[in-house]
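Before any comments, here is the structure.
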4 protein chains.
Amino acid sequence: MSSCKGNSYGKLFTITSIGESHGSVIGIIIDGCPAGLALSEKDFAKDLDRRRAGAVAGSTSRKEKDAAEILSGVFNGFTTGAPVCLVIKNENVNDADYAEIQSKLRPGHADFTAHEKYGGFNDWRGGGRFSGRITAGFVMAGTVAKKILNTLGVEIIAHTVEIGGIAAKATDYASVKKNAVKDTMFCADKNAAKKMAALIAKTKAVGDSLGGIIEGIAVNVPSGLGEPVFDTLDGELAKALLAIPAVKGVEFGAGFAAARMKGSENNDPFSINNKQVVTITNNAGGILGGISTGMPLVVRVAVKPTASIALKQPTVDIQKMKPAALAIGGRHDACIVPRAVPVVEAMMAVTICDFAMQAGLIPRVIKGQKS
Amino acid sequence: MSSCKGNSYGKLFTITSIGESHGSVIGIIIDGCPAGLALSEKDFAKDLDRRRAGAVAGSTSRKEKDAAEILSGVFNGFTTGAPVCLVIKNENVNDADYAEIQSKLRPGHADFTAHEKYGGFNDWRGGGRFSGRITAGFVMAGTVAKKILNTLGVEIIAHTVEIGGIAAKATDYASVKKNAVKDTMFCADKNAAKKMAALIAKTKAVGDSLGGIIEGIAVNVPSGLGEPVFDTLDGELAKALLAIPAVKGVEFGAGFAAARMKGSENNDPFSINNKQVVTITNNAGGILGGISTGMPLVVRVAVKPTASIALKQPTVDIQKMKPAALAIGGRHDACIVPRAVPVVEAMMAVTICDFAMQAGLIPRVIKGQKS
Amino acid sequence: MSSCKGNSYGKLFTITSIGESHGSVIGIIIDGCPAGLALSEKDFAKDLDRRRAGAVAGSTSRKEKDAAEILSGVFNGFTTGAPVCLVIKNENVNDADYAEIQSKLRPGHADFTAHEKYGGFNDWRGGGRFSGRITAGFVMAGTVAKKILNTLGVEIIAHTVEIGGIAAKATDYASVKKNAVKDTMFCADKNAAKKMAALIAKTKAVGDSLGGIIEGIAVNVPSGLGEPVFDTLDGELAKALLAIPAVKGVEFGAGFAAARMKGSENNDPFSINNKQVVTITNNAGGILGGISTGMPLVVRVAVKPTASIALKQPTVDIQKMKPAALAIGGRHDACIVPRAVPVVEAMMAVTICDFAMQAGLIPRVIKGQKS
Amino acid sequence: MSSCKGNSYGKLFTITSIGESHGSVIGIIIDGCPAGLALSEKDFAKDLDRRRAGAVAGSTSRKEKDAAEILSGVFNGFTTGAPVCLVIKNENVNDADYAEIQSKLRPGHADFTAHEKYGGFNDWRGGGRFSGRITAGFVMAGTVAKKILNTLGVEIIAHTVEIGGIAAKATDYASVKKNAVKDTMFCADKNAAKKMAALIAKTKAVGDSLGGIIEGIAVNVPSGLGEPVFDTLDGELAKALLAIPAVKGVEFGAGFAAARMKGSENNDPFSINNKQVVTITNNAGGILGGISTGMPLVVRVAVKPTASIALKQPTVDIQKMKPAALAIGGRHDACIVPRAVPVVEAMMAVTICDFAMQAGLIPRVIKGQKS
């Protein structure tokens, strides 16, 4: 009797999400973190900063300091094996911005479904539990997972491959690693990034919004991760990534393009390299039969355009049960794709870490490292 | 301490998959099936027949009678509340067809990853645990889930929307219901279906294979299903659908196309119809914030081309650890898309049924119906 | 992939424990709490006060104010359906009291096993994660569970039935309800309570400690709770109660005494009362086949004597790996039995609440009540 | 979304129970069994024979051959890593024996609670799902778990320590191992065993029944097993053991007797032996803080007297809702204690195996052994 009710994820590295956009805190609890991992509050700054608003053109002007606080599970600078509770105190919240949406459903948002499911008791301020802000907790869990995966040499990078129809040129992993991380669009193609930024600015100016596609890559993933037939590596990754608000599709390797290829084109021939079995191409995206092949794990997610737009939209006033019109004020991102990039990395890290633990590759006590 | 190790799915309607392609049985155990549901072995024939080989051009000539046998959980024609164990005895298996693949890894198959993960102890005959045949168990679970969902009026239909690049014309739900079920391609566009069949025949003749796209639709789904932030309706559906061998991508509503739309285009305006809140468009595919809206649930999966092809492919002999060439003989589908259609329905049914039970919409004892 | 790693309990009403005795906080996260339950920080005072030190003779002089703080999941005075995070800030901690135990293992404590399991990284201050203080979190979860169970009319009371060999006279539920709650021993037999208090005082004076037996009773429990064959009502209760430090045994109804009875003595004859099937006796303790009968649920737990005693004990210095002697200083209870009484109630409430939710007896949204 | 609904147990070594007393099969599915374990149908005979009826005085005359059949998960004599499905076909069932109990509730049985919970749809023949026969499946899982634990040197033995008030003399582990296994009472004290057998015969003659106490011992259990604070080693063992029909209490080490000891008596002093920390006494029964100490794990369960007795008992006819009298005919054990001994071993083995896997002590692929 130990499964969890919706807000937990992972079998052996289990994260539980808490908090609301305008409540006291946003947080994450990690149960199953090995003992002996060096961990301090400073470790979280880098990833949280990448997710933070204001870094990119078109992002909301809500300023979140987003300083991680460790409430439990760390002692003398190392994890203890007990649950690690991480919280960020919410600041700079402005409830007034949201007064109108208490009754007027925002199209494209979870206002309606949350109201239906929770009988109107949901915290609707800023979207409450359904705000993108909830992903700050995911990012903190991702930071811990990445530190654990580091001991196996696993590296995870996500990058923007498309915004508003502008696609980045395909490139190799080394270039992504070099270019995407520093760019404000987290895009490896600097030329495309410039065009994306311009389009976001232009779209924001007219009160509209844009979506895009993010690609996540994990290298040095050991072969053999994944637990078919249901708890597959791709299945769990998809589930984890769909927990990110605004994600509407997930594909692996060639993905939807594979549906238009012939078997002779899509099959990745096996070969031997350095005494290891490898595949010459990687249309499978590093996953066969739900299990990692050892080749780079490649996943892409479709991010829908931000639902909150300034343009006037027809909707319903749920309290009066009457048609209404809504022009959303307040501070919003015209495109959340770049801010979602570190979140994609985080959910990949949490998932891969959990599978590595299931495969027995992570000792229950990690020894001898200092961060 | 009651979660399961990879081969189970569902919280309250929990299915556990057993069996191998060339072992004694393929089966599924359902734990959490309400008591009082009329159930007999005949109930499974219709869905199993749709998944059966030989129905469509290009499918394998392996003949599977696929008769469901109830080993437990049913008494006097009704479920008892105890686990329902359903098996199909494997017949007409021909191990000789597969002798070569014990050592030569089939490109695009799980032969390599299964070997890595299970240290070479995996049952490799016919792909063993990674054969598409495993989905006969999924289909049986789906039949039970559909019967339970019937009590809520939920209807689930999947249909072929693309094969080898040939796309079916978009149509309404009524037409899909009318046309797709009877067609051997399970395609609502008869003209496209004809072209698909011809292309499959032609591709099979040259020893190659095709993939495609299947769309699943569920109507009359109650609003409020889904358990954010992690156990979302879309996340669980994606995971369930990626358990079907050959699925490489999943998208909901507008899906990847949404990434190229503006917020003003993609947002579905709310309206009131018959005293219910509805959306005028359905780009969300019936899901907002991981919770059902009550609008039709729409999901599409990308199916890669069948990995087993007669054309010669470069590969590796895993026992000699040497390069090798492989031309796969035996009986194989040139395109498994049509056969996967009832499997998509089944995994949708199991997932929606589980969420309906979590939402308290299914009584623990179903009373008064006779099938 | 949504089970949890040891620190969570419950399927649909899932609690996750966080915190250490001398860390920042002790807390509990509740996932699956229905929306619409009136809840404020004041609601927790009564149960926390009963667990608080200093109320009874022989309890530690460490003063814990133990004020519950709600970090998430409550909005405008009602639960929202989102995870409820409850914490108590630790105060009045005195690490100096515990300096010696960093190396000298306390006999009867988890110092050794925690050290072995977590490679010495465990927070050893005050027993850290293995301190009885952790149960303050359990009690907060119990308060919420009791509020939910109130809607079904379920009442739960635990009381002290034995301390240091002094047994309370058996009495009926009404008397327990009347007397045990107010008594500092939480014992329904005032005469025995007086003797227990005297024995505790005397034992404390010589630096030793006492154990005892607590009985928990739940009335108005609906019949049909429990999910055999493994997730039985008694099995889950036993697991939940053994999570309380110092509990070494659990029995239901006649329990171990039943092992010495004949079938004709132990079997509870069925009868009809008020159109309901009842049993005339209740040796089963309200559970048959792992499912509640509707009769009072009766469970007893054996509490070992407090391990921390002032008397000198032989032990091992784990850092020097040498024999050592230890006389434990600091503030300790000579008998924790009375303080464990509300904890027994809490774990019963959490378990029964979870089963009631599994049985579909608790709506996902609770409406119309104000606390 | 991968927990299970009542009929599964274990996190990484997960067993799912299926079948009914008078249905087609009794079975168990093991998910998470490592690949590479030598396993054949013959391996199950020894433990199943010990549980089989007819071996001891007073046991039912129903003859069950109880031959295990492997339906999946084993290939070429070794486990494959896929789910292992084990079934026993039910034979020699005599429904006529049970006709009366369809309406007359047997006191002490689950007839009433099963009827309430499953709305009368439960398979009542022979107790159906609540028959002791279900434990044949537990025993098969135990056999596999023992084989895995053998690789760690863990040994598990259960023995009868009391029947009908006749207690066996306490003895050391070596004697238990030598004497208890061969005795028909599975009792290490031959003198007491003789008296127990005589008392059972005498009690059976008058149509009554007896209960008793079974002790389980596991030696060479590695320290560090158990996942506090909720998934403790003792908590999970208690839950697993309470799944055995007729068990009404569980205690560890000194158990209920500890409630009457002083701290100075009950605390086990630490010492060093062979460079290992050990305890001089073992009142803790090998568990401190929910984690194994490395000392022998000692647990005792109270088994109530068999509920089915020939003596006439007052009860209720559930269909007529009227008082009735019932004298149970058919074939029944006058004392099931000896037959439950291998079941206690099995549930201990399954639990310890699961924790060993969680602790990373069992490789996912076991290599190089032949049975």
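Labels used: A, B, ... for chains in the order of the structure tokens, numbers from 1 for residues in each chain, and numbers from 1 for ligands as shown.
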
If you count only C-alpha atoms, which residues fall within 6 Å of region 185-197 of chain A, apart from same-chain ones fewer than 5 positions away, as a PyMOL selection string?
chain A and resi 159-160+168+176+179-180+338

Can you work out which residues from chain B touch chain C at a cut-off of 9 Å (counting only C-alpha atoms) and hand them back as an MDAnalysis selection string?
chainID B and resid 1:6 9 11:12 82 228 230:231 357:364

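Nearest-residue note for Arg106 (chain D): choosing from C:Leu288, C:Leu311, C:Ala349, C:Val139, the minimum distance belongs to C:Leu288, counting only C-alpha atoms.
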
Quick one: distance from CA of Ile18 (chain A) to CA of Ala141 (chain A) in Å, one decimal?
12.2 Å

I'd like the contact shell of Val316 (chain D) - 12 Å cut-off, only C-alpha atoms, skipping same-chain residues fewer than 2 positions apart - returned as a short mmCIF file (atom, residue, chain, number, x, y, z; two decimals) with all heavy atoms, in the first residue's frame.
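Result file is around_23.cif:
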```
data_model
loop_
_atom_site.label_atom_id
_atom_site.label_comp_id
_atom_site.auth_asym_id
_atom_site.auth_seq_id
_atom_site.Cartn_x
_atom_site.Cartn_y
_atom_site.Cartn_z
N ASP C 268 -16.86 -16.37 16.42
CA ASP C 268 -17.91 -15.42 16.83
C ASP C 268 -19.21 -15.77 16.11
O ASP C 268 -19.30 -15.60 14.89
CB ASP C 268 -17.50 -13.99 16.47
CG ASP C 268 -16.19 -13.56 17.10
OD1 ASP C 268 -16.05 -13.70 18.32
OD2 ASP C 268 -15.30 -13.07 16.36
N PRO C 269 -20.23 -16.24 16.83
CA PRO C 269 -21.49 -16.60 16.16
C PRO C 269 -22.12 -15.38 15.52
O PRO C 269 -22.08 -14.28 16.06
CB PRO C 269 -22.37 -17.13 17.30
CG PRO C 269 -21.43 -17.43 18.43
CD PRO C 269 -20.28 -16.48 18.28
N PHE C 270 -22.70 -15.59 14.36
CA PHE C 270 -23.41 -14.50 13.69
C PHE C 270 -24.83 -14.38 14.23
O PHE C 270 -25.43 -15.37 14.67
CB PHE C 270 -23.49 -14.75 12.18
CG PHE C 270 -22.17 -14.56 11.49
CD1 PHE C 270 -21.43 -15.65 11.06
CD2 PHE C 270 -21.67 -13.29 11.29
CE1 PHE C 270 -20.21 -15.47 10.42
CE2 PHE C 270 -20.45 -13.10 10.65
CZ PHE C 270 -19.71 -14.20 10.22
N SER C 271 -25.36 -13.19 14.19
CA SER C 271 -26.72 -12.95 14.62
C SER C 271 -27.25 -11.76 13.81
O SER C 271 -26.52 -11.18 13.00
CB SER C 271 -26.73 -12.66 16.12
OG SER C 271 -28.06 -12.39 16.54
N ILE C 272 -28.51 -11.44 14.01
CA ILE C 272 -29.10 -10.30 13.31
C ILE C 272 -29.52 -9.26 14.32
O ILE C 272 -30.15 -9.59 15.33
CB ILE C 272 -30.31 -10.74 12.46
CG1 ILE C 272 -29.83 -11.71 11.36
CG2 ILE C 272 -30.98 -9.53 11.80
CD1 ILE C 272 -30.95 -12.32 10.55
N ASN C 273 -29.12 -8.04 14.10
CA ASN C 273 -29.48 -6.96 15.02
C ASN C 273 -29.85 -5.75 14.17
O ASN C 273 -29.02 -5.27 13.38
CB ASN C 273 -28.30 -6.63 15.94
CG ASN C 273 -28.68 -5.58 16.96
OD1 ASN C 273 -29.86 -5.35 17.22
ND2 ASN C 273 -27.66 -4.93 17.53
N LYS C 275 -31.68 -5.49 11.61
CA LYS C 275 -31.59 -5.84 10.19
C LYS C 275 -30.16 -5.92 9.63
O LYS C 275 -29.94 -5.94 8.43
CB LYS C 275 -32.44 -4.88 9.33
CG LYS C 275 -33.92 -4.97 9.69
CD LYS C 275 -34.79 -4.23 8.70
CE LYS C 275 -36.27 -4.36 9.09
NZ LYS C 275 -37.13 -3.49 8.30
N GLN C 276 -29.19 -5.89 10.54
CA GLN C 276 -27.79 -6.03 10.13
C GLN C 276 -27.24 -7.34 10.66
O GLN C 276 -27.59 -7.74 11.78
CB GLN C 276 -26.95 -4.89 10.74
CG GLN C 276 -27.33 -3.50 10.30
CD GLN C 276 -26.83 -3.19 8.90
OE1 GLN C 276 -25.75 -3.62 8.53
NE2 GLN C 276 -27.62 -2.47 8.11
N VAL C 277 -26.34 -7.96 9.90
CA VAL C 277 -25.62 -9.12 10.42
C VAL C 277 -24.55 -8.62 11.39
O VAL C 277 -23.78 -7.71 11.05
CB VAL C 277 -24.97 -9.93 9.28
CG1 VAL C 277 -24.11 -11.05 9.84
CG2 VAL C 277 -26.05 -10.48 8.34
N VAL C 278 -24.55 -9.17 12.58
CA VAL C 278 -23.54 -8.80 13.58
C VAL C 278 -22.95 -10.09 14.14
O VAL C 278 -23.45 -11.18 13.85
CB VAL C 278 -24.15 -7.97 14.73
CG1 VAL C 278 -24.70 -6.63 14.22
CG2 VAL C 278 -25.25 -8.76 15.43
N THR C 279 -21.89 -9.96 14.94
CA THR C 279 -21.41 -11.14 15.65
C THR C 279 -21.69 -10.91 17.14
O THR C 279 -21.64 -9.77 17.61
CB THR C 279 -19.91 -11.41 15.43
OG1 THR C 279 -19.15 -10.29 15.89
CG2 THR C 279 -19.61 -11.65 13.97
N ILE C 280 -21.98 -11.99 17.83
CA ILE C 280 -22.36 -11.89 19.25
C ILE C 280 -21.14 -11.58 20.10
O ILE C 280 -21.18 -10.75 21.00
CB ILE C 280 -23.07 -13.19 19.69
CG1 ILE C 280 -24.41 -13.29 18.91
CG2 ILE C 280 -23.31 -13.20 21.20
CD1 ILE C 280 -25.07 -14.63 19.01
N GLU D 100 -24.22 -26.08 1.60
CA GLU D 100 -24.93 -25.41 2.68
C GLU D 100 -24.40 -23.99 2.94
O GLU D 100 -25.15 -23.09 3.32
CB GLU D 100 -24.83 -26.26 3.95
CG GLU D 100 -25.84 -25.86 5.02
CD GLU D 100 -25.77 -26.80 6.23
OE1 GLU D 100 -24.78 -27.53 6.35
OE2 GLU D 100 -26.71 -26.78 7.04
N ILE D 101 -23.09 -23.83 2.76
CA ILE D 101 -22.49 -22.54 3.14
C ILE D 101 -22.77 -21.43 2.14
O ILE D 101 -22.39 -20.29 2.35
CB ILE D 101 -20.97 -22.64 3.39
CG1 ILE D 101 -20.24 -22.97 2.09
CG2 ILE D 101 -20.67 -23.67 4.46
CD1 ILE D 101 -18.77 -22.73 2.18
N GLN D 102 -23.42 -21.76 1.03
CA GLN D 102 -23.78 -20.68 0.11
C GLN D 102 -24.68 -19.68 0.83
O GLN D 102 -24.62 -18.49 0.57
CB GLN D 102 -24.50 -21.25 -1.12
CG GLN D 102 -24.87 -20.15 -2.11
CD GLN D 102 -25.41 -20.68 -3.42
OE1 GLN D 102 -25.64 -21.89 -3.54
NE2 GLN D 102 -25.58 -19.82 -4.39
N SER D 103 -25.50 -20.18 1.74
CA SER D 103 -26.39 -19.25 2.44
C SER D 103 -26.07 -19.11 3.92
O SER D 103 -26.21 -18.04 4.49
CB SER D 103 -27.84 -19.70 2.27
OG SER D 103 -27.99 -21.03 2.72
N LYS D 104 -25.58 -20.19 4.56
CA LYS D 104 -25.31 -20.11 6.00
C LYS D 104 -23.87 -19.68 6.24
O LYS D 104 -22.92 -20.39 5.90
CB LYS D 104 -25.56 -21.47 6.66
CG LYS D 104 -27.05 -21.85 6.67
CD LYS D 104 -27.28 -23.09 7.53
CE LYS D 104 -28.69 -23.63 7.33
NZ LYS D 104 -28.85 -24.96 7.94
N LEU D 105 -23.70 -18.53 6.86
CA LEU D 105 -22.37 -17.97 7.12
C LEU D 105 -21.63 -18.84 8.13
O LEU D 105 -22.15 -19.10 9.22
CB LEU D 105 -22.51 -16.55 7.66
CG LEU D 105 -23.30 -15.57 6.80
CD1 LEU D 105 -23.52 -14.27 7.59
CD2 LEU D 105 -22.57 -15.30 5.51
N ARG D 106 -20.42 -19.24 7.78
CA ARG D 106 -19.63 -20.02 8.74
C ARG D 106 -18.97 -19.07 9.75
O ARG D 106 -18.17 -18.21 9.36
CB ARG D 106 -18.55 -20.81 8.01
CG ARG D 106 -19.10 -21.95 7.14
CD ARG D 106 -18.00 -22.59 6.32
NE ARG D 106 -17.40 -21.60 5.41
CZ ARG D 106 -16.31 -21.82 4.69
NH1 ARG D 106 -15.67 -22.97 4.77
NH2 ARG D 106 -15.85 -20.88 3.89
N PRO D 107 -19.27 -19.21 11.05
CA PRO D 107 -18.62 -18.36 12.04
C PRO D 107 -17.09 -18.46 11.95
O PRO D 107 -16.56 -19.55 11.74
CB PRO D 107 -19.14 -18.91 13.38
CG PRO D 107 -20.46 -19.51 13.04
CD PRO D 107 -20.28 -20.09 11.66
N ASP D 111 -16.89 -15.70 5.01
CA ASP D 111 -18.11 -15.80 4.18
C ASP D 111 -18.91 -14.50 4.21
O ASP D 111 -19.38 -14.01 3.18
CB ASP D 111 -19.03 -16.93 4.70
CG ASP D 111 -18.37 -18.30 4.60
OD1 ASP D 111 -17.36 -18.43 3.89
OD2 ASP D 111 -18.88 -19.23 5.25
N PHE D 112 -19.05 -13.95 5.41
CA PHE D 112 -19.86 -12.74 5.56
C PHE D 112 -19.18 -11.52 4.93
O PHE D 112 -19.77 -10.78 4.14
CB PHE D 112 -20.14 -12.46 7.04
CG PHE D 112 -20.76 -11.13 7.29
CD1 PHE D 112 -21.98 -10.78 6.72
CD2 PHE D 112 -20.12 -10.19 8.10
CE1 PHE D 112 -22.55 -9.53 6.95
CE2 PHE D 112 -20.68 -8.94 8.33
CZ PHE D 112 -21.89 -8.61 7.75
N GLN D 313 -23.15 -24.69 15.40
CA GLN D 313 -22.97 -23.29 15.81
C GLN D 313 -24.16 -22.44 15.37
O GLN D 313 -24.70 -22.64 14.29
CB GLN D 313 -21.71 -22.71 15.17
CG GLN D 313 -20.42 -23.44 15.51
CD GLN D 313 -19.24 -22.87 14.72
OE1 GLN D 313 -18.60 -21.93 15.15
NE2 GLN D 313 -18.99 -23.43 13.56
N PRO D 314 -24.52 -21.45 16.19
CA PRO D 314 -25.56 -20.51 15.77
C PRO D 314 -24.99 -19.56 14.71
O PRO D 314 -23.83 -19.14 14.81
CB PRO D 314 -25.91 -19.74 17.05
CG PRO D 314 -24.74 -19.92 17.95
CD PRO D 314 -24.01 -21.16 17.54
N ILE D 318 -27.84 -15.88 5.22
CA ILE D 318 -27.70 -14.55 4.62
C ILE D 318 -28.74 -14.31 3.52
O ILE D 318 -29.09 -13.15 3.22
CB ILE D 318 -26.27 -14.33 4.08
CG1 ILE D 318 -26.02 -12.87 3.67
CG2 ILE D 318 -25.97 -15.23 2.90
CD1 ILE D 318 -25.65 -11.98 4.80
N GLN D 319 -29.23 -15.38 2.92
CA GLN D 319 -30.23 -15.18 1.87
C GLN D 319 -31.63 -14.95 2.44
O GLN D 319 -32.37 -14.11 1.95
CB GLN D 319 -30.20 -16.36 0.90
CG GLN D 319 -28.92 -16.30 0.03
CD GLN D 319 -28.72 -17.53 -0.84
OE1 GLN D 319 -29.46 -18.50 -0.73
NE2 GLN D 319 -27.71 -17.48 -1.70
N LYS D 320 -31.91 -15.67 3.51
CA LYS D 320 -33.22 -15.48 4.16
C LYS D 320 -33.15 -14.38 5.22
O LYS D 320 -34.16 -13.98 5.78
CB LYS D 320 -33.68 -16.78 4.81
CG LYS D 320 -33.83 -17.95 3.83
CD LYS D 320 -34.32 -19.21 4.55
CE LYS D 320 -34.36 -20.40 3.60
NZ LYS D 320 -34.26 -21.68 4.32
N MET D 321 -31.94 -13.97 5.56
CA MET D 321 -31.72 -13.03 6.66
C MET D 321 -32.45 -13.49 7.92
O MET D 321 -33.22 -12.75 8.54
CB MET D 321 -32.14 -11.61 6.27
CG MET D 321 -31.02 -10.79 5.63
SD MET D 321 -29.48 -10.65 6.60
CE MET D 321 -29.81 -9.18 7.59
N LYS D 322 -32.18 -14.74 8.26
CA LYS D 322 -32.78 -15.33 9.46
C LYS D 322 -31.73 -16.10 10.24
O LYS D 322 -30.78 -16.62 9.65
CB LYS D 322 -33.90 -16.31 9.04
CG LYS D 322 -35.18 -15.63 8.61
CD LYS D 322 -36.33 -16.62 8.58
CE LYS D 322 -37.62 -15.88 8.26
NZ LYS D 322 -38.68 -16.78 7.79
N PRO D 323 -31.94 -16.23 11.55
CA PRO D 323 -31.03 -17.06 12.35
C PRO D 323 -31.05 -18.49 11.82
O PRO D 323 -32.07 -18.95 11.28
CB PRO D 323 -31.62 -16.99 13.75
CG PRO D 323 -32.42 -15.73 13.78
CD PRO D 323 -32.95 -15.56 12.38
N ALA D 324 -29.93 -19.19 11.97
CA ALA D 324 -29.82 -20.56 11.50
C ALA D 324 -28.79 -21.28 12.36
O ALA D 324 -28.08 -20.66 13.15
CB ALA D 324 -29.40 -20.59 10.03
N ALA D 325 -28.73 -22.61 12.20
CA ALA D 325 -27.69 -23.38 12.89
C ALA D 325 -26.86 -24.08 11.83
O ALA D 325 -27.36 -24.43 10.77
CB ALA D 325 -28.30 -24.38 13.85
N LEU D 326 -25.59 -24.25 12.13
CA LEU D 326 -24.69 -24.83 11.12
C LEU D 326 -23.72 -25.81 11.78
O LEU D 326 -23.02 -25.47 12.74
CB LEU D 326 -23.91 -23.73 10.41
CG LEU D 326 -22.88 -24.15 9.37
CD1 LEU D 326 -23.56 -24.77 8.13
CD2 LEU D 326 -22.05 -22.95 8.93
#
```

Considering only alpha helix (DSSP H) as DSSP defines it on the backbone, what residues of region 190-314 of chain D qualify? List them as a PyMOL selection string.
chain D and resi 190-205+233-242+263-266

Here is a test: counting only C-alpha atoms, which residue of B:Ser308, B:Asn282, B:Thr184, B:Thr16 is nearest to Gly329 (chain B)?
B:Ser308

Name the residues in contact with Gly119 (chain D) at a cut-off of 10 Å, using only C-alpha atoms, excluding same-chain residues fewer than 4 positions from it; report them as number ranges by chain.
B: 35-36, 80-81, 364-367; C: 224; D: 113-115

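The neighbours of Gly165 (chain D) here are the residues that come within 8 Å of it, using only C-alpha atoms and leaving out any residue fewer than 4 positions away in the same chain; they are Ala259 and Arg260 of chain C; Gly212 of chain D.
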
Apply DSSP to the structure's backbone, then extract all residues of region 24-216 of chain A labelled strand (DSSP E) and return them as a PyMOL selection string.
chain A and resi 25-31+69-72+74-75+78-79+84-89+155-163+166-167+212-216

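Taking only C-alpha atoms into account, Ser24 (chain B) lies nearest to D:Ser72 out of the set D:Ser72, D:Ala334, D:Gly120, D:Glu41.
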
Which residues come within 8 Å of Gly255 (chain D), counting only C-alpha atoms, excluding same-chain residues fewer than 3 positions away, as a ChimeraX atom specification?
/C:248-249,302,304 /D:251-252,258-259,283

Would you mind listing, for every residue of region 168-207 of chain B within 12 Å of region 144-156 of chain B, the two atoms forming the shortest contact and the distance between them in Å to one decimal, using only C-alpha atoms, sorted by chain and ascending residue number, as JSON lines?
```
{"residue": "B:Tyr173", "atom": "CA", "partner": "B:Ile156", "partner_atom": "CA", "distance": 10.5}
{"residue": "B:Ala174", "atom": "CA", "partner": "B:Glu155", "partner_atom": "CA", "distance": 11.7}
{"residue": "B:Val176", "atom": "CA", "partner": "B:Ile156", "partner_atom": "CA", "distance": 11.0}
{"residue": "B:Lys177", "atom": "CA", "partner": "B:Ile156", "partner_atom": "CA", "distance": 9.4}
{"residue": "B:Val181", "atom": "CA", "partner": "B:Ile156", "partner_atom": "CA", "distance": 11.3}
```

If you keep N, CA and C atoms, can you produce a file of those selected residues as a compact mmCIF listing (two decimals), in the first residue's frame?
```txt
# COMPACT_ATOMS: atom_id res chain seq x y z
N TYR B 173 -16.51 11.91 -36.29
CA TYR B 173 -16.54 10.69 -35.50
C TYR B 173 -17.56 9.68 -36.02
N ALA B 174 -18.71 10.16 -36.43
CA ALA B 174 -19.77 9.26 -36.90
C ALA B 174 -19.27 8.43 -38.10
N VAL B 176 -16.13 7.76 -38.86
CA VAL B 176 -15.10 6.82 -38.40
C VAL B 176 -15.77 5.58 -37.84
N LYS B 177 -16.76 5.82 -37.01
CA LYS B 177 -17.49 4.72 -36.37
C LYS B 177 -18.15 3.82 -37.41
N VAL B 181 -14.36 0.59 -38.66
CA VAL B 181 -14.41 -0.69 -37.96
C VAL B 181 -14.49 -1.87 -38.93
```

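Taking CA of Arg129 (chain B) and CA of Pro245 (chain B) as endpoints, the distance between them is 10.6 Å.
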
To one decimal place, how far is CA of Lys202 (chain A) from CA of Ala110 (chain A) in Å?
26.7 Å
